[in-house]
$ cat run.csv   # CSV, C-alpha atoms
chain,number,residue,atom,x,y,z
A,15,MET,CA,-86.2,-31.3,-76.9
A,16,SER,CA,-87.5,-29.4,-73.8
A,17,ASN,CA,-86.1,-25.9,-74.5
A,18,THR,CA,-87.1,-25.2,-78.0
A,19,ILE,CA,-89.1,-22.6,-79.8
A,20,GLU,CA,-90.9,-22.6,-83.1
A,21,LEU,CA,-89.3,-20.7,-85.9
A,22,ALA,CA,-92.3,-18.3,-86.1
A,23,GLY,CA,-92.0,-17.6,-82.3
A,24,ALA,CA,-88.2,-17.1,-82.5
A,25,LEU,CA,-88.6,-14.6,-85.4
A,26,GLN,CA,-91.4,-12.7,-83.5
A,27,ASN,CA,-89.2,-12.5,-80.5
A,28,LEU,CA,-86.5,-10.7,-82.3
A,29,PRO,CA,-86.2,-7.1,-80.9
A,30,LEU,CA,-87.3,-4.0,-82.7
A,31,GLU,CA,-84.6,-2.2,-84.5
A,32,THR,CA,-83.9,1.5,-84.2
A,33,PRO,CA,-82.7,3.5,-87.2
A,34,GLN,CA,-79.3,5.1,-86.7
A,35,LEU,CA,-80.6,8.4,-88.1
A,36,GLY,CA,-84.2,9.5,-87.5
A,37,VAL,CA,-85.8,10.6,-90.7
A,38,TRP,CA,-88.5,12.8,-89.1
A,39,GLN,CA,-87.0,16.0,-90.3
A,40,ALA,CA,-86.9,14.8,-93.9
A,41,VAL,CA,-90.4,13.5,-93.6
A,42,GLN,CA,-91.6,16.8,-92.1
A,43,SER,CA,-90.2,18.8,-95.0
A,44,GLN,CA,-92.4,16.9,-97.3
A,45,LEU,CA,-95.6,17.3,-95.3
A,46,PRO,CA,-98.6,19.0,-96.8
A,47,ASN,CA,-99.1,22.5,-95.5
A,48,PRO,CA,-101.7,23.0,-92.7
A,49,ILE,CA,-104.9,24.6,-93.6
A,50,SER,CA,-104.1,28.2,-94.7
A,51,ARG,CA,-106.6,29.9,-92.4
A,52,TRP,CA,-104.4,28.9,-89.5
A,53,LYS,CA,-101.7,31.1,-90.8
A,54,ARG,CA,-103.6,34.4,-91.2
A,55,PRO,CA,-101.7,36.7,-88.7
A,56,ALA,CA,-104.6,38.9,-87.8
A,57,PHE,CA,-106.9,36.0,-87.2
A,58,ALA,CA,-104.2,34.2,-85.1
A,59,MET,CA,-103.6,37.4,-83.1
A,60,ALA,CA,-107.3,37.9,-82.4
A,61,ALA,CA,-107.5,34.3,-81.2
A,62,SER,CA,-104.5,34.8,-78.9
A,63,VAL,CA,-106.1,37.8,-77.3
A,64,ILE,CA,-109.4,35.9,-76.8
A,65,LEU,CA,-107.5,33.0,-75.4
A,66,VAL,CA,-105.6,35.1,-72.9
A,67,LEU,CA,-108.8,36.8,-71.7
A,68,LEU,CA,-110.5,33.4,-71.4
A,69,ILE,CA,-107.7,32.0,-69.4
A,70,TRP,CA,-107.8,35.0,-67.1
A,71,GLN,CA,-111.6,34.7,-66.8
A,72,ASN,CA,-111.7,30.9,-66.3
A,73,GLN,CA,-108.8,30.8,-63.8
A,74,SER,CA,-110.7,33.0,-61.4
A,75,VAL,CA,-113.7,30.7,-61.7
A,76,ILE,CA,-111.9,27.4,-61.6
A,77,GLY,CA,-109.7,28.4,-58.7
A,78,GLY,CA,-106.6,26.6,-59.9
A,79,SER,CA,-107.8,23.1,-59.1
A,80,PHE,CA,-105.1,21.7,-61.5
A,81,LEU,CA,-102.3,23.2,-59.5
A,82,PRO,CA,-100.0,20.9,-57.5
A,83,THR,CA,-100.1,20.5,-53.8
A,84,PRO,CA,-97.5,22.6,-52.0
A,85,ASN,CA,-95.4,19.8,-50.5
A,86,GLU,CA,-95.1,17.4,-53.4
A,87,SER,CA,-91.5,16.3,-54.2
A,88,ALA,CA,-90.1,17.4,-57.6
A,89,PRO,CA,-90.1,13.9,-59.2
A,90,LYS,CA,-93.6,13.1,-57.9
A,91,LEU,CA,-94.9,16.5,-59.1
A,92,ALA,CA,-93.3,16.0,-62.5
A,93,ASN,CA,-95.0,12.6,-62.8
A,94,ASN,CA,-98.4,14.0,-61.7
A,95,LEU,CA,-98.1,16.9,-64.1
A,96,MET,CA,-97.2,14.6,-67.0
A,97,GLN,CA,-100.1,12.3,-66.3
A,98,GLN,CA,-102.5,15.3,-66.1
A,99,SER,CA,-101.1,16.7,-69.3
A,100,ALA,CA,-101.6,13.4,-71.1
A,101,GLN,CA,-105.1,13.0,-69.9
A,102,LEU,CA,-106.1,16.6,-70.6
A,103,GLU,CA,-104.5,16.4,-74.1
A,104,ASN,CA,-106.7,13.4,-74.9
A,105,VAL,CA,-109.8,15.1,-73.7
A,106,PHE,CA,-108.8,18.4,-75.5
A,107,TYR,CA,-108.6,16.7,-78.9
A,108,ALA,CA,-111.6,14.5,-78.3
A,109,ARG,CA,-113.8,17.5,-77.5
A,110,GLN,CA,-112.8,19.5,-80.6
A,111,ASP,CA,-115.4,19.4,-83.3
A,112,ASP,CA,-114.9,21.8,-86.1
A,113,SER,CA,-118.4,21.1,-87.4
A,114,ILE,CA,-120.0,22.8,-84.4
A,115,SER,CA,-117.3,25.4,-83.7
A,116,SER,CA,-117.2,29.0,-84.5
A,117,ALA,CA,-114.2,30.5,-86.4
A,118,SER,CA,-112.9,32.1,-83.2
A,119,LEU,CA,-113.1,28.9,-81.3
A,120,ILE,CA,-111.2,27.0,-84.1
A,121,ALA,CA,-108.6,29.8,-84.0
A,122,ALA,CA,-108.4,29.6,-80.2
A,123,ASN,CA,-107.8,25.8,-80.5
A,124,LEU,CA,-105.0,26.5,-83.0
A,125,THR,CA,-103.4,29.0,-80.7
A,126,ILE,CA,-103.5,26.5,-77.9
A,127,GLU,CA,-101.8,23.9,-80.1
A,128,GLU,CA,-99.2,26.4,-81.0
A,129,GLN,CA,-98.5,27.2,-77.4
A,130,LEU,CA,-98.3,23.5,-76.6
A,131,SER,CA,-95.9,23.1,-79.4
A,132,ALA,CA,-93.7,25.9,-78.1
A,133,ILE,CA,-93.7,24.4,-74.6
A,134,ASP,CA,-92.8,21.0,-76.0
A,135,GLU,CA,-89.8,22.5,-77.8
A,136,GLN,CA,-88.6,24.0,-74.5
A,137,LEU,CA,-89.1,20.6,-72.8
A,138,ASN,CA,-87.1,18.9,-75.5
A,139,ALA,CA,-84.4,21.4,-75.1
A,140,ILE,CA,-84.3,20.7,-71.3
A,141,GLY,CA,-83.9,17.0,-72.1
A,142,ALA,CA,-84.8,13.8,-70.3
A,143,ALA,CA,-82.1,14.1,-67.7
A,144,SER,CA,-83.5,17.3,-66.3
A,145,MET,CA,-87.1,16.3,-66.6
A,146,ASN,CA,-87.7,16.7,-62.8
A,147,SER,CA,-86.1,20.1,-62.6
A,148,THR,CA,-88.0,23.2,-61.4
A,149,ALA,CA,-87.9,24.7,-64.9
A,150,ALA,CA,-89.4,21.5,-66.4
A,151,ASN,CA,-92.1,21.4,-63.8
A,152,ALA,CA,-93.0,25.0,-64.5
A,153,LEU,CA,-93.3,24.1,-68.2
A,154,TRP,CA,-95.4,21.1,-67.4
A,155,GLN,CA,-97.6,23.2,-65.2
A,156,GLN,CA,-98.0,25.7,-67.9
A,157,ARG,CA,-98.9,22.9,-70.3
A,158,VAL,CA,-101.6,21.5,-68.0
A,159,SER,CA,-103.0,25.0,-67.5
A,160,ILE,CA,-103.3,25.7,-71.2
A,161,LEU,CA,-104.9,22.3,-71.8
A,162,TYR,CA,-107.3,22.8,-69.0
A,163,GLN,CA,-108.5,26.0,-70.7
A,164,GLY,CA,-108.7,24.2,-74.0
A,165,VAL,CA,-110.9,21.5,-72.5
A,166,ALA,CA,-113.1,24.1,-70.8
A,167,LEU,CA,-113.5,26.0,-74.0
A,168,ASN,CA,-114.5,23.0,-76.1
A,169,THR,CA,-116.7,21.6,-73.3
A,170,GLN,CA,-118.6,24.9,-73.1
A,171,ASN,CA,-119.0,24.9,-76.9
A,172,ALA,CA,-120.4,21.3,-76.8
A,173,GLN,CA,-122.8,22.2,-74.0
A,174,HIS,CA,-124.1,25.3,-75.9
A,175,ASN,CA,-124.6,23.3,-79.1
A,176,ALA,CA,-126.3,20.5,-77.2
A,177,SER,CA,-128.8,23.1,-75.9
A,178,GLY,CA,-129.3,24.5,-79.4
A,179,GLN,CA,-127.2,27.6,-78.8
A,180,SER,CA,-124.1,28.8,-80.6
A,181,TYR,CA,-121.0,29.5,-78.7
A,182,ASP,CA,-118.4,32.1,-79.6
A,183,PRO,CA,-115.5,32.6,-77.2
A,184,SER,CA,-115.1,36.2,-78.3
A,185,LEU,CA,-118.7,36.9,-77.2
A,186,ALA,CA,-118.5,34.7,-74.1
A,187,ILE,CA,-115.8,36.9,-72.6
A,188,MET,CA,-118.1,39.9,-72.8
A,189,ASN,CA,-120.6,38.1,-70.5
B,16,MET,CA,-102.7,-18.4,-87.7
B,17,SER,CA,-101.8,-16.6,-84.5
B,18,HIS,CA,-99.2,-14.0,-84.8
B,19,SER,CA,-97.9,-10.9,-83.1
B,20,THR,CA,-96.8,-7.8,-85.1
B,21,HIS,CA,-95.2,-4.7,-83.7
B,22,PHE,CA,-97.5,-2.7,-86.0
B,23,ALA,CA,-100.6,-3.5,-84.0
B,24,ILE,CA,-100.9,-0.1,-82.4
B,25,ASP,CA,-104.3,1.3,-81.8
B,26,VAL,CA,-104.2,4.9,-83.2
B,27,PRO,CA,-106.9,7.1,-81.8
B,28,ASN,CA,-109.3,8.4,-84.4
B,29,ASP,CA,-108.9,12.0,-83.3
B,30,LEU,CA,-105.2,11.8,-83.9
B,31,ILE,CA,-105.9,10.5,-87.5
B,32,GLN,CA,-108.4,13.3,-88.0
B,33,ARG,CA,-105.9,15.9,-86.8
B,34,ALA,CA,-103.3,14.5,-89.2
B,35,LYS,CA,-105.8,14.7,-92.0
B,36,ARG,CA,-106.3,18.3,-91.2
B,37,GLY,CA,-102.5,18.8,-91.6
B,38,ASP,CA,-101.6,19.0,-87.9
B,39,GLN,CA,-97.8,18.4,-87.8
B,40,LYS,CA,-97.8,17.4,-84.2
B,41,ALA,CA,-100.3,14.6,-85.0
B,42,PHE,CA,-98.1,13.5,-87.9
B,43,GLU,CA,-95.1,13.5,-85.6
B,44,GLN,CA,-96.9,11.4,-83.0
B,45,ILE,CA,-97.8,8.8,-85.7
B,46,TYR,CA,-94.3,8.9,-87.0
B,47,ARG,CA,-92.8,8.2,-83.5
B,48,TRP,CA,-95.2,5.3,-82.9
B,49,PHE,CA,-94.4,3.6,-86.2
B,50,GLU,CA,-90.8,4.5,-86.7
B,51,ARG,CA,-89.3,1.3,-85.3
B,52,PRO,CA,-91.9,-1.1,-86.6
B,53,VAL,CA,-91.5,0.2,-90.1
B,54,TYR,CA,-87.7,0.3,-89.9
B,55,THR,CA,-87.6,-3.2,-88.5
B,56,LEU,CA,-89.8,-4.6,-91.2
B,57,ALA,CA,-87.8,-2.8,-93.9
B,58,LEU,CA,-84.5,-4.0,-92.4
B,59,ARG,CA,-85.7,-7.6,-92.2
B,60,MET,CA,-86.9,-7.6,-95.7
B,61,CYS,CA,-84.2,-5.5,-97.5
B,62,GLY,CA,-81.3,-6.5,-95.3
B,63,GLN,CA,-79.3,-3.3,-95.4
B,64,PRO,CA,-79.7,-0.4,-92.9
B,65,SER,CA,-79.4,2.2,-95.6
B,66,GLU,CA,-82.2,0.6,-97.6
B,67,ALA,CA,-84.3,0.3,-94.5
B,68,GLN,CA,-83.8,3.9,-93.7
B,69,ASP,CA,-84.9,4.9,-97.2
B,70,VAL,CA,-88.0,2.6,-97.0
B,71,LEU,CA,-88.8,4.3,-93.6
B,72,GLN,CA,-88.6,7.7,-95.1
B,73,ASP,CA,-90.5,7.0,-98.3
B,74,SER,CA,-93.2,5.0,-96.4
B,75,MET,CA,-93.8,7.8,-93.9
B,76,ILE,CA,-93.9,10.5,-96.6
B,77,LYS,CA,-96.5,8.3,-98.4
B,78,VAL,CA,-98.5,7.8,-95.3
B,79,MET,CA,-98.6,11.5,-94.6
B,80,THR,CA,-99.4,12.6,-98.1
B,81,LYS,CA,-102.0,9.8,-98.6
B,82,ILE,CA,-103.7,9.9,-95.2
B,83,ALA,CA,-106.8,11.6,-96.6
B,84,ASP,CA,-107.3,8.3,-98.6
B,85,PHE,CA,-107.5,6.3,-95.3
B,86,LYS,CA,-111.2,5.6,-94.9
B,87,GLY,CA,-111.1,3.9,-91.5
B,88,GLN,CA,-112.6,0.6,-92.7
B,89,SER,CA,-109.6,-1.4,-91.4
B,90,PRO,CA,-107.1,-0.6,-88.6
B,91,PHE,CA,-104.8,2.3,-89.4
B,92,TRP,CA,-101.8,0.2,-88.5
B,93,GLY,CA,-102.7,-2.3,-91.2
B,94,TRP,CA,-103.0,0.4,-93.8
B,95,LEU,CA,-99.7,1.9,-92.8
B,96,ARG,CA,-98.0,-1.5,-92.7
B,97,GLN,CA,-99.2,-2.2,-96.2
B,98,ILE,CA,-97.6,1.0,-97.5
B,99,ALA,CA,-94.3,-0.1,-95.8
B,100,VAL,CA,-94.5,-3.6,-97.2
B,101,ASN,CA,-95.1,-2.2,-100.7
B,102,GLU,CA,-92.2,0.2,-100.4
B,103,ALA,CA,-89.8,-2.5,-99.2
B,104,LEU,CA,-90.9,-4.9,-102.0
B,105,MET,CA,-90.4,-2.2,-104.6
B,106,ARG,CA,-86.8,-1.8,-103.4
B,107,ILE,CA,-86.2,-5.5,-103.4
B,108,ARG,CA,-87.8,-5.8,-106.8
B,109,GLN,CA,-85.3,-3.2,-108.1
B,110,SER,CA,-82.2,-4.7,-106.4
B,111,SER,CA,-83.0,-8.4,-106.6
B,112,LYS,CA,-84.7,-8.6,-110.0
B,113,SER,CA,-83.3,-12.1,-110.7
B,114,GLN,CA,-84.8,-13.5,-107.6
B,115,PHE,CA,-88.2,-12.3,-108.5
B,116,GLU,CA,-87.9,-13.6,-112.0
B,117,SER,CA,-86.8,-17.1,-111.0
B,118,ASP,CA,-90.2,-18.4,-110.3
B,119,VAL,CA,-89.3,-22.0,-109.8
B,120,TYR,CA,-92.0,-24.3,-108.5
B,121,GLU,CA,-91.0,-27.3,-106.5
B,122,ALA,CA,-93.5,-30.2,-106.7
B,123,ASP,CA,-92.3,-31.8,-103.5
B,124,LEU,CA,-91.9,-29.0,-101.0
B,125,PRO,CA,-90.0,-29.8,-97.8
B,126,ASP,CA,-91.9,-29.1,-94.6
B,127,THR,CA,-91.7,-25.7,-93.0
B,128,HIS,CA,-92.2,-26.9,-89.4
B,129,PHE,CA,-89.0,-26.0,-87.6
B,130,VAL,CA,-88.1,-25.7,-83.9
B,131,LEU,CA,-84.9,-24.0,-82.6
B,132,PRO,CA,-83.0,-24.5,-79.5
B,133,MET,CA,-83.7,-21.8,-76.9
B,134,ASP,CA,-80.5,-20.2,-75.7
B,135,ALA,CA,-79.1,-16.8,-75.0
B,136,ALA,CA,-77.4,-16.6,-78.3
B,137,LEU,CA,-80.5,-17.5,-80.4
B,138,ASN,CA,-81.5,-14.0,-81.4
B,139,GLN,CA,-78.1,-13.2,-82.8
B,140,GLN,CA,-77.8,-16.5,-84.5
B,141,LEU,CA,-81.2,-16.2,-86.1
B,142,LEU,CA,-80.4,-12.7,-87.3
B,143,ASP,CA,-77.1,-13.9,-88.8
B,144,ALA,CA,-79.0,-16.8,-90.4
B,145,ILE,CA,-81.8,-14.8,-92.0
B,146,GLN,CA,-79.3,-12.2,-93.2
B,147,GLN,CA,-77.7,-14.9,-95.4
B,148,LEU,CA,-81.0,-15.7,-97.1
B,149,PRO,CA,-81.9,-13.9,-100.4
B,150,ALA,CA,-84.0,-10.8,-99.8
B,151,VAL,CA,-87.1,-12.3,-101.5
B,152,THR,CA,-86.9,-15.5,-99.4
B,153,ARG,CA,-86.3,-13.6,-96.2
B,154,SER,CA,-89.2,-11.3,-97.0
B,155,VAL,CA,-91.6,-14.2,-97.5
B,156,LEU,CA,-90.4,-15.8,-94.3
B,157,TRP,CA,-90.9,-12.5,-92.4
B,158,LEU,CA,-94.3,-11.7,-93.9
B,159,TYR,CA,-95.6,-15.2,-93.2
B,160,HIS,CA,-94.2,-15.9,-89.8
B,161,VAL,CA,-94.1,-12.4,-88.2
B,162,GLU,CA,-96.7,-10.3,-89.9
B,163,GLY,CA,-99.1,-13.2,-90.3
B,164,PHE,CA,-99.9,-12.8,-94.0
B,165,LYS,CA,-101.2,-15.9,-95.8
B,166,HIS,CA,-99.5,-17.2,-98.9
B,167,GLU,CA,-102.3,-15.8,-101.1
B,168,GLU,CA,-101.7,-12.3,-99.6
B,169,ILE,CA,-97.9,-12.6,-100.0
B,170,ALA,CA,-98.4,-13.8,-103.6
B,171,THR,CA,-100.6,-10.8,-104.4
B,172,GLN,CA,-98.2,-8.3,-102.8
B,173,MET,CA,-95.3,-9.8,-104.7
B,174,GLN,CA,-97.3,-10.2,-107.9
B,175,LYS,CA,-96.4,-13.8,-108.0
B,176,THR,CA,-98.2,-17.1,-107.5
B,177,VAL,CA,-99.1,-18.9,-104.3
B,178,SER,CA,-96.7,-21.6,-105.3
B,179,PHE,CA,-93.9,-19.1,-105.4
B,180,SER,CA,-94.7,-17.9,-101.9
B,181,LYS,CA,-94.8,-21.5,-100.6
B,182,SER,CA,-91.6,-22.5,-102.3
B,183,GLN,CA,-89.8,-19.5,-101.0
B,184,LEU,CA,-91.0,-20.3,-97.5
B,185,ALA,CA,-89.9,-23.9,-97.8
B,186,ARG,CA,-86.5,-22.9,-99.2
B,187,GLY,CA,-85.9,-20.4,-96.5
B,188,THR,CA,-86.9,-22.9,-93.8
B,189,GLN,CA,-84.6,-25.5,-95.3
B,190,LYS,CA,-81.7,-23.0,-95.4
B,191,LEU,CA,-82.2,-22.1,-91.8
B,192,ARG,CA,-82.4,-25.7,-90.8
B,193,ASP,CA,-79.1,-26.3,-92.5
B,194,TYR,CA,-77.6,-23.3,-90.8
B,195,PHE,CA,-78.7,-24.6,-87.4
B,196,GLN,CA,-78.0,-28.2,-88.5
B,197,MET,CA,-81.5,-29.3,-87.4
B,198,PRO,CA,-83.1,-32.5,-88.7
B,199,GLN,CA,-86.2,-32.3,-90.8
B,200,ILE,CA,-89.4,-33.4,-88.9
B,201,GLY,CA,-93.1,-33.8,-89.8
B,202,ASN,CA,-95.9,-31.2,-90.3
B,203,PRO,CA,-95.7,-30.2,-94.0
B,204,VAL,CA,-97.2,-26.8,-95.1
$ encode --input "run.csv" --output "structure tokens"
Amino acid sequence: MSNTIELAGALQNLPLETPQLGVWQAVQSQLPNPISRWKRPAFAMAASVILVLLIWQNQSVIGGSFLPTPNESAPKLANNLMQQSAQLENVFYARQDDSISSASLIAANLTIEEQLSAIDEQLNAIGAASMNSTAANALWQQRVSILYQGVALNTQNAQHNASGQSYDPSLAIMN
Amino acid sequence: MSHSTHFAIDVPNDLIQRAKRGDQKAFEQIYRWFERPVYTLALRMCGQPSEAQDVLQDSMIKVMTKIADFKGQSPFWGWLRQIAVNEALMRIRQSSKSQFESDVYEADLPDTHFVLPMDAALNQQLLDAIQQLPAVTRSVLWLYHVEGFKHEEIATQMQKTVSFSKSQLARGTQKLRDYFQMPQIGNPV
């Protein structure tokens, strides 16, 4: 027989199935609570203030190098922003190291994650069909911008620690 | 034995660490990656979408609540898959008790080498054929051929003997051969 396939191969070739109902919400309701320190309102608010100041400070230094070029078409821009966002997100999480981070840096990282989560919810609401729209691009741009700050924060922290110094974002903005 | 499993997804260590710290976005990412592999495994083993849905949910909750126990000595996907296999087998054990108890050993096992004609309808025919197998037989077939487990591993997971696993595989193969009306050819287990 020329056109045959082994049983194992035929079984392996069967397509993946998709559940009719996603169970993520049910799973999510059973998840363990995040670490309680994240939830302290005063701490979170302080972290937000520090983050806003750092973004303002860093943007003037960085000069918006992550911003899109003016004449990019909307689909191309969306694609570029999504790629940048994915790359920066990997670096952002890879650079985080709680063992060498001050409390305010940990809180700032949490605030960044919360901001990313809020943006993701808005992107989900926009939906895949409108993923190239101006509104979606603005959100992706915002996401890239926040991640860029997160990477900068954690990179500075790692550099300070490598040279034997401690790094505290709340002190860094004073300098 | 070479095999390809849909579970073989390389999960970055930092994502696992975030999930261990209770980061819900990390959990969701892991869930999204493994939703379909877990559901497919459960559906193939249990046979019913509602049962597969339950296995998916219970497996994922277990993964999320036990993730601190994952030590990273083996791939994360293998650890997660084992949880899903155990959950599916637990359900089959509850619903197909008689199959688990009928531990019949066959001294002269038929061969398990089997080729199928390649055509456009093969996938649907194969799905129909395996759906007609008893859940235990179908599970052994799937774990052996698709997930790449050895008879010893399947026997351990099912708390049965290696002979049980081999005989289930042989029976399942024979039934599929009958379904497709294919002649028996060489290469025993």
$ closest_residue --input "run.csv" --among "B:Asp38, B:Glu162, B:Asp143, B:Asp69" --to "A:Leu124" --atoms "all atoms listed in the file"
B:Asp38
$ closest_residue --input "run.csv" --among "B:Trp94, B:Tyr194, B:Tyr54, B:Tyr159" --to "A:Leu30" --atoms "only C-alpha atoms"
B:Tyr54
$ atom_distance --input "run.csv" --atom1 "atom CA of A:Gln156" --atom2 "atom CA of A:Ile114"
27.7 Å
$ interface_residues --input "run.csv" --of "chain B" --to "chain A" --cutoff "6 Å" --atoms "all atoms listed in the file" --output "PyMOL selection string"
chain B and resi 37+51+55+72+76+129-133+160-161
$ write_last_selection --input "run.csv" --atoms "C-alpha atoms" --output "mmCIF file, keeping the file's coordinate frame"
data_model
loop_
_atom_site.group_PDB
_atom_site.id
_atom_site.type_symbol
_atom_site.label_atom_id
_atom_site.label_comp_id
_atom_site.auth_asym_id
_atom_site.auth_seq_id
_atom_site.Cartn_x
_atom_site.Cartn_y
_atom_site.Cartn_z
ATOM 1 C CA GLY B 37 -102.500 18.800 -91.600
ATOM 2 C CA ARG B 51 -89.300 1.300 -85.300
ATOM 3 C CA THR B 55 -87.600 -3.200 -88.500
ATOM 4 C CA GLN B 72 -88.600 7.700 -95.100
ATOM 5 C CA ILE B 76 -93.900 10.500 -96.600
ATOM 6 C CA PHE B 129 -89.000 -26.000 -87.600
ATOM 7 C CA VAL B 130 -88.100 -25.700 -83.900
ATOM 8 C CA LEU B 131 -84.900 -24.000 -82.600
ATOM 9 C CA PRO B 132 -83.000 -24.500 -79.500
ATOM 10 C CA MET B 133 -83.700 -21.800 -76.900
ATOM 11 C CA HIS B 160 -94.200 -15.900 -89.800
ATOM 12 C CA VAL B 161 -94.100 -12.400 -88.200
#
$ atom_distance --input "run.csv" --atom1 "atom CA of B:Gln68" --atom2 "atom CA of B:Ser110"
15.4 Å
$ residues_near_point --input "run.csv" --point "(-86.9, 14.2, -66.9)" --cutoff "12 Å" --atoms "only C-alpha atoms" --output "list in words"
Ala88, Pro89, Lys90, Leu91, Ala92, Asn93, Leu95, Met96, Leu137, Asn138, Ala139, Ile140, Gly141, Ala142, Ala143, Ser144, Met145, Asn146, Ser147, Thr148, Ala149, Ala150, Asn151, Leu153 and Trp154 of chain A
$ closest_residue --input "run.csv" --among "B:Pro64, B:Leu137, B:Met79, B:Trp92" --to "B:Gln39" --atoms "all atoms listed in the file"
B:Met79
$ closest_residue --input "run.csv" --among "A:Asn168, A:Gln155, A:Gln173, A:Asn94" --to "A:Asn123" --atoms "only C-alpha atoms"
A:Asn168
$ atom_distance --input "run.csv" --atom1 "atom CA of A:Gly164" --atom2 "atom CA of A:Gln98"
13.4 Å
$ residues_near_point --input "run.csv" --point "(-108.3, 21.5, -73.5)" --cutoff "8 Å" --atoms "all atoms listed in the file" --output "list in words"
Leu102, Glu103, Val105, Phe106, Tyr107, Arg109, Ile160, Leu161, Tyr162, Gln163, Gly164, Val165, Ala166, Leu167 and Asn168 of chain A
